[in-house]
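Student: Got query_30.txt for you, compact mmCIF, C-alpha atoms:
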# COMPACT_ATOMS: atom_id res chain seq x y z
CA MET A 880 25.60 -72.43 -1.13
CA THR A 881 28.72 -71.95 0.98
CA ILE A 882 31.58 -70.29 -0.88
CA GLU A 883 34.94 -71.74 0.05
CA PRO A 884 37.63 -69.18 0.94
CA LEU A 885 40.70 -68.79 -1.20
CA PRO A 886 43.21 -71.48 -0.21
CA LEU A 887 45.93 -69.05 0.89
CA ASP A 888 43.74 -66.70 2.93
CA GLY A 889 45.69 -65.87 6.10
CA ILE A 890 49.11 -66.58 4.57
CA THR A 891 51.57 -63.67 4.56
CA VAL A 892 54.38 -63.55 2.03
CA VAL A 893 57.31 -61.14 2.20
CA ALA A 894 59.25 -60.86 -1.04
CA VAL A 895 62.53 -59.11 -1.81
CA GLU A 896 62.11 -59.51 -5.53
CA GLN A 897 62.85 -58.02 -8.90
CA ALA A 898 62.43 -58.68 -12.62
CA VAL A 899 60.11 -61.65 -13.40
CA SER A 900 60.96 -64.99 -11.77
CA ALA A 901 60.20 -64.23 -8.11
CA PRO A 902 57.50 -61.60 -8.80
CA PHE A 903 55.55 -63.95 -11.06
CA ALA A 904 55.78 -66.70 -8.41
CA THR A 905 54.46 -64.43 -5.66
CA ARG A 906 51.70 -63.10 -7.92
CA GLN A 907 50.36 -66.65 -8.13
CA LEU A 908 50.31 -66.74 -4.32
CA ALA A 909 48.49 -63.39 -4.22
CA ASP A 910 45.92 -64.64 -6.73
CA LEU A 911 45.15 -67.51 -4.34
CA GLY A 912 44.55 -65.17 -1.42
CA ALA A 913 47.95 -64.65 0.20
CA ARG A 914 48.95 -61.22 1.44
CA VAL A 915 52.12 -60.37 -0.48
CA ILE A 916 54.38 -57.58 0.76
CA LYS A 917 56.81 -56.59 -1.98
CA VAL A 918 60.02 -55.00 -0.70
CA GLU A 919 61.60 -52.61 -3.21
CA ARG A 920 64.51 -50.22 -3.29
CA PRO A 921 63.50 -46.65 -2.42
CA ASP A 922 65.48 -45.29 -5.39
CA GLY A 923 63.33 -46.58 -8.23
CA GLY A 924 62.08 -49.88 -6.88
CA ASP A 925 61.98 -53.11 -8.84
CA PHE A 926 63.87 -52.34 -12.05
CA ALA A 927 61.10 -54.07 -14.02
CA ARG A 928 59.02 -50.96 -13.30
CA HIS A 929 61.12 -49.21 -15.94
CA TYR A 930 61.35 -51.77 -18.78
CA ASP A 931 58.78 -49.93 -20.90
CA THR A 932 55.74 -47.67 -20.65
CA ALA A 933 53.34 -49.71 -22.79
CA ALA A 934 50.61 -50.23 -20.15
CA HIS A 935 49.22 -46.68 -20.02
CA GLY A 936 52.61 -45.42 -18.93
CA LEU A 937 53.45 -48.42 -16.74
CA ALA A 938 55.79 -51.28 -17.60
CA SER A 939 53.99 -54.27 -19.10
CA HIS A 940 56.21 -56.82 -17.32
CA PHE A 941 55.56 -55.14 -13.97
CA VAL A 942 51.80 -54.91 -14.47
CA TRP A 943 51.65 -58.59 -15.41
CA ALA A 944 53.67 -59.92 -12.47
CA ASN A 945 52.81 -57.61 -9.55
CA ARG A 946 49.08 -57.09 -9.16
CA GLY A 947 47.56 -57.64 -5.74
CA LYS A 948 50.70 -56.80 -3.76
CA GLU A 949 51.62 -54.18 -1.18
CA SER A 950 54.73 -52.15 -2.00
CA LEU A 951 57.19 -51.33 0.77
CA ALA A 952 60.06 -49.10 -0.35
CA LEU A 953 62.90 -50.02 2.02
CA ASP A 954 66.70 -49.75 1.98
CA LEU A 955 67.94 -53.12 3.18
CA LYS A 956 71.55 -51.99 3.25
CA ASP A 957 70.65 -49.77 6.21
CA PRO A 958 70.39 -51.70 9.51
CA ARG A 959 67.15 -49.87 10.27
CA GLY A 960 65.71 -51.17 7.02
CA ARG A 961 66.66 -54.73 7.89
CA GLU A 962 65.10 -54.28 11.33
CA VAL A 963 61.82 -53.34 9.67
CA LEU A 964 62.05 -56.38 7.43
CA HIS A 965 62.62 -58.70 10.37
CA GLY A 966 59.62 -57.16 12.09
CA LEU A 967 57.56 -58.36 9.13
CA LEU A 968 59.25 -61.76 8.96
CA ALA A 969 58.45 -62.49 12.58
CA ASP A 970 54.79 -62.97 11.59
CA ALA A 971 55.26 -64.07 7.97
CA ASP A 972 54.68 -67.52 6.55
CA VAL A 973 56.78 -67.26 3.40
CA PHE A 974 59.84 -65.28 2.31
CA VAL A 975 60.93 -65.17 -1.34
CA GLN A 976 64.05 -63.52 -2.77
CA ASN A 977 65.81 -63.48 -6.12
CA LEU A 978 68.64 -61.03 -5.50
CA ALA A 979 71.95 -61.50 -7.26
CA GLN A 980 73.80 -64.58 -6.04
CA GLY A 981 75.41 -63.89 -2.65
CA ALA A 982 73.56 -60.62 -2.02
CA ALA A 983 70.90 -62.14 0.24
CA ALA A 984 73.53 -64.00 2.28
CA ARG A 985 75.49 -60.78 2.81
CA LEU A 986 72.31 -59.24 4.24
CA GLY A 987 71.51 -62.32 6.33
CA LEU A 988 68.45 -62.98 4.19
CA ASP A 989 69.34 -66.30 2.60
CA ALA A 990 66.97 -69.17 3.21
CA ALA A 991 69.28 -71.10 5.53
CA THR A 992 69.82 -68.13 7.86
CA LEU A 993 66.15 -67.17 7.97
CA CYS A 994 64.87 -70.70 8.56
CA ALA A 995 67.24 -71.04 11.51
CA ARG A 996 65.85 -67.81 12.99
CA TYR A 997 62.18 -68.40 12.10
CA PRO A 998 61.47 -72.16 12.24
CA ARG A 999 57.95 -71.90 10.79
CA LEU A 1000 59.03 -69.76 7.84
CA VAL A 1001 59.13 -71.16 4.32
CA ALA A 1002 62.11 -69.37 2.75
CA VAL A 1003 62.65 -69.45 -1.00
CA ASP A 1004 65.87 -68.69 -2.85
CA VAL A 1005 65.35 -68.21 -6.60
CA SER A 1006 68.62 -68.02 -8.52
CA GLY A 1007 69.93 -68.25 -12.03
CA TYR A 1008 72.18 -71.28 -11.73
CA GLY A 1009 72.00 -72.44 -8.13
CA ALA A 1010 74.13 -71.67 -5.08
CA GLN A 1011 77.08 -73.91 -5.97
CA GLY A 1012 79.09 -74.78 -9.04
CA PRO A 1013 81.12 -72.78 -11.55
CA TYR A 1014 78.07 -70.83 -12.78
CA ALA A 1015 76.78 -69.83 -9.33
CA HIS A 1016 77.80 -66.16 -9.65
CA LYS A 1017 77.21 -65.83 -13.39
CA ARG A 1018 74.63 -63.25 -14.48
CA ALA A 1019 71.42 -65.03 -15.37
CA TYR A 1020 69.02 -63.05 -17.49
CA ASP A 1021 66.22 -64.97 -19.15
CA MET A 1022 67.67 -65.06 -22.67
CA LEU A 1023 71.07 -66.15 -21.35
CA VAL A 1024 69.52 -69.09 -19.51
CA GLN A 1025 67.45 -70.01 -22.57
CA CYS A 1026 70.76 -70.30 -24.42
CA GLU A 1027 72.54 -72.25 -21.66
CA ALA A 1028 69.59 -74.65 -21.35
CA GLY A 1029 69.56 -75.44 -25.07
CA LEU A 1030 66.06 -74.06 -25.64
CA VAL A 1031 67.33 -71.69 -28.32
CA SER A 1032 69.01 -74.59 -30.12
CA VAL A 1033 65.65 -76.29 -30.76
CA THR A 1034 63.62 -73.13 -31.43
CA GLY A 1035 63.48 -71.41 -34.80
CA THR A 1036 64.11 -72.43 -38.39
CA PRO A 1037 66.83 -74.73 -39.74
CA GLU A 1038 68.79 -71.63 -40.69
CA GLN A 1039 68.23 -69.48 -37.59
CA PRO A 1040 67.91 -70.33 -33.89
CA VAL A 1041 65.73 -67.92 -31.91
CA LYS A 1042 64.78 -67.38 -28.30
CA ALA A 1043 61.26 -68.03 -27.08
CA GLY A 1044 58.98 -65.03 -27.44
CA VAL A 1045 58.14 -65.06 -23.72
CA PRO A 1046 60.61 -65.19 -20.79
CA ALA A 1047 60.51 -68.97 -20.58
CA ALA A 1048 63.34 -69.39 -18.05
CA ASP A 1049 61.82 -66.81 -15.72
CA ILE A 1050 58.36 -68.35 -16.01
CA ALA A 1051 59.66 -71.88 -15.46
CA ALA A 1052 61.50 -70.85 -12.29
CA ALA A 1053 58.48 -68.88 -11.09
CA MET A 1054 56.12 -71.80 -11.42
CA TYR A 1055 58.47 -74.20 -9.62
CA ALA A 1056 58.94 -71.62 -6.84
CA PHE A 1057 55.15 -71.27 -6.61
CA SER A 1058 54.56 -75.02 -6.41
CA GLY A 1059 57.52 -75.40 -4.04
CA VAL A 1060 55.92 -72.92 -1.63
CA LEU A 1061 52.63 -74.82 -1.73
CA ALA A 1062 54.42 -78.13 -1.05
CA ALA A 1063 56.42 -76.62 1.84
CA LEU A 1064 53.27 -75.15 3.39
CA LEU A 1065 51.58 -78.55 3.20
CA ARG A 1066 54.59 -80.13 4.90
CA ARG A 1067 54.53 -77.41 7.58
CA GLY A 1068 50.92 -78.35 8.28
CA VAL A 1069 52.17 -81.81 9.25
CA THR A 1070 55.52 -81.06 10.91
CA GLY A 1071 54.97 -77.51 12.20
CA ARG A 1072 58.25 -76.45 10.56
CA GLY A 1073 58.80 -74.38 7.46
CA GLY A 1074 62.03 -74.90 5.57
CA ARG A 1075 64.08 -73.95 2.58
CA VAL A 1076 63.00 -74.03 -1.06
CA GLU A 1077 65.64 -73.59 -3.74
CA VAL A 1078 64.86 -73.07 -7.41
CA SER A 1079 67.24 -72.16 -10.21
CA MET A 1080 66.26 -70.90 -13.64
CA LEU A 1081 68.62 -73.37 -15.32
CA ASP A 1082 67.24 -76.36 -13.39
CA ALA A 1083 63.68 -75.32 -14.18
CA LEU A 1084 64.23 -74.83 -17.89
CA ALA A 1085 66.38 -77.96 -18.16
CA GLU A 1086 63.37 -79.90 -16.85
CA TRP A 1087 61.16 -78.30 -19.51
CA MET A 1088 63.71 -79.47 -22.09
CA GLY A 1089 62.91 -83.07 -21.16
CA HIS A 1090 61.74 -84.25 -24.58
CA PRO A 1091 64.70 -82.99 -26.66
CA LEU A 1092 67.08 -83.91 -23.83
CA HIS A 1093 65.96 -87.55 -23.70
CA HIS A 1094 65.75 -87.67 -27.48
CA THR A 1095 69.39 -86.62 -27.66
CA MET A 1096 70.79 -88.60 -24.73
CA HIS A 1097 69.08 -91.87 -25.59
CA GLY A 1098 68.51 -91.53 -29.32
CA GLY A 1099 71.97 -90.23 -30.12
CA ARG A 1100 70.68 -87.41 -32.32
CA GLU A 1101 69.72 -83.82 -31.50
CA PRO A 1102 66.29 -82.66 -32.70
CA VAL A 1103 66.45 -80.36 -35.71
CA ARG A 1104 64.82 -76.95 -35.76
CA THR A 1105 61.76 -77.04 -37.99
CA GLY A 1106 60.06 -73.70 -37.44
CA LEU A 1107 56.34 -74.37 -37.16
CA ALA A 1108 56.69 -77.76 -38.80
CA HIS A 1109 57.11 -81.05 -36.95
CA ALA A 1110 60.31 -83.03 -37.30
CA VAL A 1111 58.63 -86.44 -37.78
CA ILE A 1112 55.01 -85.69 -38.78
CA ALA A 1113 53.68 -84.34 -42.09
CA PRO A 1114 51.65 -82.37 -42.83
CA TYR A 1115 52.12 -80.41 -39.60
CA ASP A 1116 52.72 -76.72 -40.29
CA ALA A 1117 51.10 -73.34 -40.82
CA TYR A 1118 49.86 -72.61 -44.34
CA PRO A 1119 48.86 -69.24 -45.88
CA THR A 1120 45.22 -68.66 -46.74
CA ALA A 1121 43.72 -66.48 -49.45
CA ASP A 1122 43.01 -63.60 -47.06
CA GLY A 1123 46.59 -63.31 -45.80
CA ASP A 1124 46.17 -65.29 -42.55
CA ARG A 1125 47.79 -68.61 -41.76
CA VAL A 1126 46.17 -71.78 -40.50
CA LEU A 1127 48.11 -74.50 -38.73
CA LEU A 1128 47.00 -78.10 -39.13
CA SER A 1129 48.26 -81.41 -37.81
CA VAL A 1130 47.63 -84.82 -39.37
CA GLN A 1131 48.45 -87.39 -36.70
CA ASN A 1132 47.80 -90.62 -38.60
CA ASP A 1133 47.03 -92.01 -42.02
CA ARG A 1134 43.27 -92.13 -41.39
CA GLU A 1135 43.34 -88.39 -40.88
CA TRP A 1136 45.35 -87.97 -44.07
CA ARG A 1137 42.63 -89.81 -45.97
CA ARG A 1138 39.97 -87.46 -44.59
CA LEU A 1139 42.14 -84.42 -45.37
CA ALA A 1140 42.68 -85.58 -48.97
CA GLU A 1141 39.03 -86.36 -49.56
CA GLN A 1142 37.22 -83.57 -47.68
CA VAL A 1143 39.61 -80.60 -47.65
CA LEU A 1144 42.12 -81.03 -50.47
CA GLU A 1145 39.40 -82.56 -52.64
CA GLN A 1146 42.01 -84.90 -54.12
CA PRO A 1147 40.88 -88.34 -52.89
CA GLU A 1148 43.48 -90.10 -55.04
CA LEU A 1149 46.20 -88.85 -52.66
CA ALA A 1150 44.85 -91.14 -49.95
CA GLU A 1151 46.23 -94.16 -51.83
CA ASP A 1152 49.18 -92.53 -53.62
CA PRO A 1153 52.34 -94.25 -52.28
CA GLU A 1154 54.11 -90.87 -52.08
CA TYR A 1155 51.52 -89.63 -49.56
CA ALA A 1156 49.60 -92.59 -48.12
CA THR A 1157 51.77 -93.08 -45.01
CA ASN A 1158 53.33 -90.63 -42.61
CA THR A 1159 56.76 -92.06 -43.42
CA ALA A 1160 56.20 -91.31 -47.11
CA ARG A 1161 54.74 -87.85 -46.44
CA THR A 1162 57.69 -86.93 -44.21
CA ALA A 1163 60.16 -88.18 -46.81
CA ASN A 1164 58.29 -86.11 -49.42
CA ARG A 1165 57.64 -83.17 -47.11
CA GLY A 1166 58.14 -80.55 -49.82
CA LYS A 1167 55.56 -82.11 -52.12
CA THR A 1168 53.16 -82.75 -49.23
CA ASP A 1169 53.36 -79.16 -48.04
CA ALA A 1170 52.89 -77.88 -51.59
CA VAL A 1171 49.69 -79.87 -52.04
CA VAL A 1172 48.25 -78.68 -48.72
CA ALA A 1173 49.36 -75.08 -49.28
CA GLY A 1174 47.77 -75.05 -52.72
CA ALA A 1175 44.40 -76.13 -51.36
CA LEU A 1176 44.36 -73.82 -48.31
CA GLY A 1177 45.73 -70.92 -50.33
CA ALA A 1178 42.49 -70.88 -52.33
CA LEU A 1179 40.38 -70.54 -49.17
CA GLY A 1180 39.86 -67.80 -46.60
CA ALA A 1181 41.01 -68.64 -43.08
CA GLU A 1182 37.47 -69.06 -41.73
CA GLU A 1183 36.51 -71.42 -44.55
CA ALA A 1184 39.77 -73.36 -44.17
CA VAL A 1185 39.16 -73.86 -40.44
CA ARG A 1186 35.52 -74.83 -41.10
CA ARG A 1187 36.52 -77.52 -43.59
CA LEU A 1188 39.33 -78.85 -41.42
CA GLU A 1189 37.10 -79.09 -38.37
CA ALA A 1190 34.33 -80.76 -40.37
CA ALA A 1191 36.90 -83.37 -41.47
CA GLY A 1192 38.09 -83.90 -37.89
CA ILE A 1193 41.56 -82.44 -38.54
CA ALA A 1194 43.24 -80.61 -35.66
CA CYS A 1195 43.81 -77.00 -36.65
CA ALA A 1196 44.33 -73.50 -35.28
CA ARG A 1197 44.53 -69.93 -36.45
CA LEU A 1198 48.04 -68.50 -36.25
CA ASN A 1199 46.92 -65.58 -34.14
CA SER A 1200 48.72 -62.36 -33.38
CA VAL A 1201 48.92 -61.07 -29.80
CA ALA A 1202 46.16 -58.59 -30.65
CA GLN A 1203 43.98 -61.47 -31.82
CA LEU A 1204 44.67 -63.28 -28.53
CA ALA A 1205 43.42 -60.20 -26.68
CA ALA A 1206 40.18 -60.47 -28.67
CA HIS A 1207 39.98 -64.28 -28.64
CA PRO A 1208 36.35 -65.44 -28.73
CA GLN A 1209 37.01 -68.37 -26.39
CA LEU A 1210 38.39 -66.10 -23.67
CA ALA A 1211 35.42 -63.78 -24.11
CA ALA A 1212 32.87 -66.62 -24.09
CA ARG A 1213 34.32 -67.97 -20.83
CA ASP A 1214 34.36 -64.49 -19.22
CA ARG A 1215 38.11 -64.66 -18.57
CA TRP A 1216 38.76 -60.90 -18.52
CA ARG A 1217 38.67 -58.61 -15.50
CA GLU A 1218 39.95 -55.13 -14.66
CA VAL A 1219 42.58 -54.41 -12.04
CA GLY A 1220 43.49 -51.07 -10.57
CA SER A 1221 46.84 -49.39 -11.09
CA PRO A 1222 48.47 -45.98 -10.69
CA ALA A 1223 47.49 -45.40 -14.33
CA GLY A 1224 43.84 -46.40 -13.85
CA PRO A 1225 42.00 -49.66 -14.63
CA LEU A 1226 43.81 -52.23 -16.76
CA ARG A 1227 42.48 -55.39 -18.43
CA ALA A 1228 43.89 -58.59 -16.97
CA LEU A 1229 43.17 -62.28 -17.44
CA LEU A 1230 41.83 -64.38 -14.61
CA PRO A 1231 44.50 -66.74 -13.27
CA PRO A 1232 44.50 -70.18 -14.96
CA ILE A 1233 43.81 -72.10 -11.73
CA VAL A 1234 40.03 -72.40 -11.40
CA LEU A 1235 38.54 -73.47 -8.05
CA PRO A 1236 34.80 -74.00 -8.66
CA GLY A 1237 32.68 -73.17 -5.66
CA GLY A 1238 35.37 -71.01 -4.13
CA ALA A 1239 35.86 -67.29 -3.71
CA ALA A 1240 36.91 -65.31 -6.75
CA PRO A 1241 40.68 -64.98 -7.23
CA HIS A 1242 42.25 -62.00 -5.55
CA MET A 1243 43.12 -59.62 -8.37
CA GLY A 1244 44.20 -56.54 -6.48
CA ALA A 1245 45.71 -53.40 -7.88
CA VAL A 1246 49.22 -52.97 -9.24
CA PRO A 1247 50.97 -50.93 -6.52
CA ALA A 1248 52.82 -47.67 -6.87
CA LEU A 1249 56.34 -47.70 -5.47
CA GLY A 1250 56.11 -47.39 -1.68
CA GLU A 1251 52.34 -47.07 -1.77
CA HIS A 1252 51.95 -49.13 1.41
CA THR A 1253 55.14 -48.17 3.24
CA GLU A 1254 53.58 -45.99 5.92
CA ALA A 1255 50.66 -48.32 6.59
CA LEU A 1256 52.99 -51.29 6.97
CA LEU A 1257 55.30 -49.44 9.35
CA ARG A 1258 52.38 -48.24 11.45
CA GLY A 1259 51.18 -51.84 11.53
CA LEU A 1260 54.49 -52.73 13.15
CA GLY A 1261 53.81 -50.13 15.85
CA MET A 1262 56.15 -47.46 14.52
CA ALA A 1263 55.37 -43.88 15.47
CA GLY A 1264 55.00 -41.06 12.99
CA THR A 1265 58.23 -39.41 14.13
CA GLN A 1266 60.20 -42.59 13.48
CA ILE A 1267 58.65 -42.94 10.04
CA SER A 1268 59.52 -39.33 9.25
CA GLU A 1269 63.14 -39.91 10.29
CA LEU A 1270 63.43 -43.00 8.09
CA ARG A 1271 61.97 -41.09 5.15
CA ARG A 1272 64.30 -38.15 5.77
CA ASP A 1273 67.31 -40.49 5.78
CA GLY A 1274 66.23 -42.28 2.60
CA VAL A 1275 65.66 -45.61 4.36
CA ILE A 1276 62.07 -45.67 3.13
CA ALA A 1277 60.08 -44.03 0.38
In structure tokens, write the structure found in this file.
Tutor:
Amino acid sequence: MTIEPLPLDGITVVAVEQAVSAPFATRQLADLGARVIKVERPDGGDFARHYDTAAHGLASHFVWANRGKESLALDLKDPRGREVLHGLLADADVFVQNLAQGAAARLGLDAATLCARYPRLVAVDVSGYGAQGPYAHKRAYDMLVQCEAGLVSVTGTPEQPVKAGVPAADIAAAMYAFSGVLAALLRRGVTGRGGRVEVSMLDALAEWMGHPLHHTMHGGREPVRTGLAHAVIAPYDAYPTADGDRVLLSVQNDREWRRLAEQVLEQPELAEDPEYATNTARTANRGKTDAVVAGALGALGAEEAVRRLEAAGIACARLNSVAQLAAHPQLAARDRWREVGSPAGPLRALLPPIVLPGGAAPHMGAVPALGEHTEALLRGLGMAGTQISELRRDGVIA
């Protein structure tokens, strides 16, 4: 059987990137076979390298978002550094940057400038709030954008708003940048021209806020924070079990409530009780509904609770910890774990979510050390050893 190549084999991406949004976007491209050259500052590199040391001495954010890339440590403020970068861009297909607003333009590396110079290049600007408007130059860290986009207002308990536990604004921008690159490459295949792609973290997360946004704009009422509960469905929450775990269940209609009452709660009379028989009644009597469900599940271990719920056809889930996710039986059964290399040795990593049956395995290359590929890349541009030594002596490369 013929194995299809990865869809981005032969595509070269140059990225002047930091933190999460652009690096996570270009990691998706690397997973699909693109060659990704990551340009970092010689004096420490991408600052995400230093967020923590949890991954065997490496930063967990960096390990997650930067496997499979080549690291070029290059000072772009030095004209010689920019000359090296343009040597790479001359043969590149994609350029991605997420520098502070205005910084890329000052270096002549904004998408508009580069697309004028390299007509086949797809050039991506990832920003916090976009290039225009009163927020254009405002600092845009993930949590700040979560707040500006209203995500925090709908996340948490009635008493306490909280941010999402993952960098949702960064991830949203990354995935739109990733899909924007794919769309622009498809268009280039037709027109022969690359073009600009612009993605802002606020725009991306505002799109993800579509349900509460439309609910508020058209319904005239903002959604309330309900923790793990659902604002208009009951029972829909996580309930403690006898062994200290919690099991989340969701009853979507009154037929399911009947099955829950008869087969799990073992109180069939609740199926006809007017205080519980309809979702409207259960929501109005949420406290009593939750107490009944909690009482029944609290007498069971989590495994038995899940077994009974599934036998009754009730949607349910374990409220897992991150450690339990790492040991999840479904991920293990589907062989979703691999090892990737790193300066600290092999590290476990999940296969990318995009599955292309019949194709080559995803490219899951090593996490690079800072400047690990600098010399090889410069020699690939035809630079002599003496020139490389001079650049290293002057701090232009590392």
Student: Using all atoms listed in the file, which of A:Gly1237, A:Gly1224, A:Pro1119, A:Gly889 sits nearest Ala1175 (chain A)?
Tutor: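 Under the stated criterion, the closest residue is A:Pro1119.
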Student: Using all atoms listed in the file, which of the listed residues (A:His929, A:Lys948, A:His1207, A:Arg920) sits closest to Ala1245 (chain A)?
Tutor: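 Checking each candidate against Ala1245 (chain A), we get A:Lys948 as the closest.
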Student: Got a sec: who's within 10 Å of Asp1133 (chain A), counting all atoms listed in the file, leaving out chain neighbours fewer than 4 positions off, as a PDB file with C-alpha atoms, in the frame of the given file?
Tutor:
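Resulting contents of selection25.pdb:
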ATOM      1  CA  ARG A1137      42.630 -89.810 -45.970  1.00  0.00           C
ATOM      2  CA  ARG A1138      39.970 -87.460 -44.590  1.00  0.00           C
ATOM      3  CA  LEU A1139      42.140 -84.420 -45.370  1.00  0.00           C
ATOM      4  CA  ALA A1150      44.850 -91.140 -49.950  1.00  0.00           C
ATOM      5  CA  TYR A1155      51.520 -89.630 -49.560  1.00  0.00           C
ATOM      6  CA  ALA A1156      49.600 -92.590 -48.120  1.00  0.00           C
ATOM      7  CA  THR A1157      51.770 -93.080 -45.010  1.00  0.00           C
ATOM      8  CA  ASN A1158      53.330 -90.630 -42.610  1.00  0.00           C
ATOM      9  CA  THR A1159      56.760 -92.060 -43.420  1.00  0.00           C
ATOM     10  CA  ARG A1161      54.740 -87.850 -46.440  1.00  0.00           C
TER      11      ARG A1161
END
Student: Could you check how far CA of Ile1267 (chain A) sits from CA of Val973 (chain A), in Å to one decimal?
Tutor: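 Spanning CA of Ile1267 (chain A) to CA of Val973 (chain A) is a straight-line distance of 25.3 Å.
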Student: Counting all atoms listed in the file, which residue out of A:Ala1063, A:Ile1276, A:Leu1084, A:Leu1128 sits closest to Leu1249 (chain A)?
Tutor: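 Under the stated criterion, the closest residue is A:Ile1276.
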Student: For each of A:His1016, A:Met1096, A:Ala1163, A:Gly912, take the minimum atom-to-atom distance to Glu883 (chain A), counting only C-alpha atoms, then give the residue where this is smallest.
Tutor: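 Once distances to Glu883 (chain A) are computed over only C-alpha atoms, the minimum belongs to A:Gly912.
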Student: Measuring between all atoms listed in the file, which one of A:Arg1125, A:Gly966, A:Leu986, A:Ala909 shows the shortest distance to Ser1200 (chain A)?
Tutor: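 Of A:Arg1125, A:Gly966, A:Leu986, A:Ala909, the one nearest Ser1200 (chain A) is A:Arg1125, counting all atoms listed in the file.
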Student: Smallest atom-to-atom distance to Tyr1008 (chain A): which of A:Val1031, A:Ala1085, A:Leu1210, A:Met880, using only C-alpha atoms?
Tutor: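 That would be A:Ala1085, the residue with the smallest distance to Tyr1008 (chain A).
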Student: Leaving out Leu1230 (chain A) and any residue of its chain fewer than 2 positions from it, which residues lie within 9 Å of it when counting all atoms listed in the file, given as a list in words?
Tutor: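 Close residues of Leu1230 (chain A): Asp910, Asp1214, Arg1215, Trp1216, Arg1217, Ala1228, Pro1232, Ile1233, Val1234, Pro1241 and Met1243 of chain A.
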Student: Calculate how many Å separate CA of Asp1049 (chain A) from CA of Leu937 (chain A), rounding to one decimal.
Tutor: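 Taking CA of Asp1049 (chain A) as the start and CA of Leu937 (chain A) as the end point, the length is 20.2 Å.
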Student: List every protein, DNA or RNA residue that has at least one atom no more than 12 Å from (69.4, -71.8, -15.9) in the file's coordinates, counting only C-alpha atoms, and write the result as a ChimeraX atom specification.
Tutor: /A:900,1005-1010,1014-1030,1047-1052,1078-1088
Student: CA of Gly1177 (chain A) and CA of Trp1136 (chain A), how far apart in Å?
Tutor: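 About the pair CA of Trp1136 (chain A) and CA of Gly1177 (chain A): they are 18.2 Å apart.
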Student: Starting from the block above, write region 1158-1168 of chain A out to a file with N, CA, C and O atoms, as a short mmCIF file (atom, residue, chain, number, x, y, z; two decimals), in the first residue's frame, please.
Tutor:
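File written: part_36.cif
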data_model
loop_
_atom_site.label_atom_id
_atom_site.label_comp_id
_atom_site.auth_asym_id
_atom_site.auth_seq_id
_atom_site.Cartn_x
_atom_site.Cartn_y
_atom_site.Cartn_z
N ASN A 1158 -37.83 19.16 32.75
CA ASN A 1158 -36.59 19.93 32.94
C ASN A 1158 -36.89 21.30 33.52
O ASN A 1158 -36.12 21.81 34.36
N THR A 1159 -37.99 21.90 33.13
CA THR A 1159 -38.36 23.20 33.69
C THR A 1159 -38.53 23.11 35.20
O THR A 1159 -38.03 23.96 35.96
N ALA A 1160 -39.21 22.04 35.65
CA ALA A 1160 -39.42 21.86 37.09
C ALA A 1160 -38.09 21.55 37.79
O ALA A 1160 -37.81 22.08 38.87
N ARG A 1161 -37.27 20.69 37.18
CA ARG A 1161 -36.00 20.34 37.82
C ARG A 1161 -35.08 21.55 37.93
O ARG A 1161 -34.35 21.70 38.93
N THR A 1162 -35.08 22.40 36.91
CA THR A 1162 -34.25 23.61 36.96
C THR A 1162 -34.77 24.56 38.03
O THR A 1162 -33.99 25.16 38.78
N ALA A 1163 -36.08 24.70 38.10
CA ALA A 1163 -36.66 25.58 39.13
C ALA A 1163 -36.38 25.05 40.53
O ALA A 1163 -36.24 25.82 41.49
N ASN A 1164 -36.29 23.73 40.65
CA ASN A 1164 -36.00 23.08 41.94
C ASN A 1164 -34.59 22.49 41.93
O ASN A 1164 -34.37 21.37 42.42
N ARG A 1165 -33.65 23.24 41.40
CA ARG A 1165 -32.30 22.72 41.19
C ARG A 1165 -31.68 22.19 42.50
O ARG A 1165 -31.02 21.16 42.51
N GLY A 1166 -31.87 22.91 43.59
CA GLY A 1166 -31.28 22.49 44.86
C GLY A 1166 -31.77 21.12 45.28
O GLY A 1166 -30.98 20.25 45.68
N LYS A 1167 -33.08 20.89 45.17
CA LYS A 1167 -33.64 19.60 45.56
C LYS A 1167 -33.21 18.51 44.58
O LYS A 1167 -32.90 17.38 44.97
N THR A 1168 -33.18 18.86 43.28
CA THR A 1168 -32.76 17.89 42.27
C THR A 1168 -31.33 17.44 42.52
O THR A 1168 -31.01 16.24 42.52
#
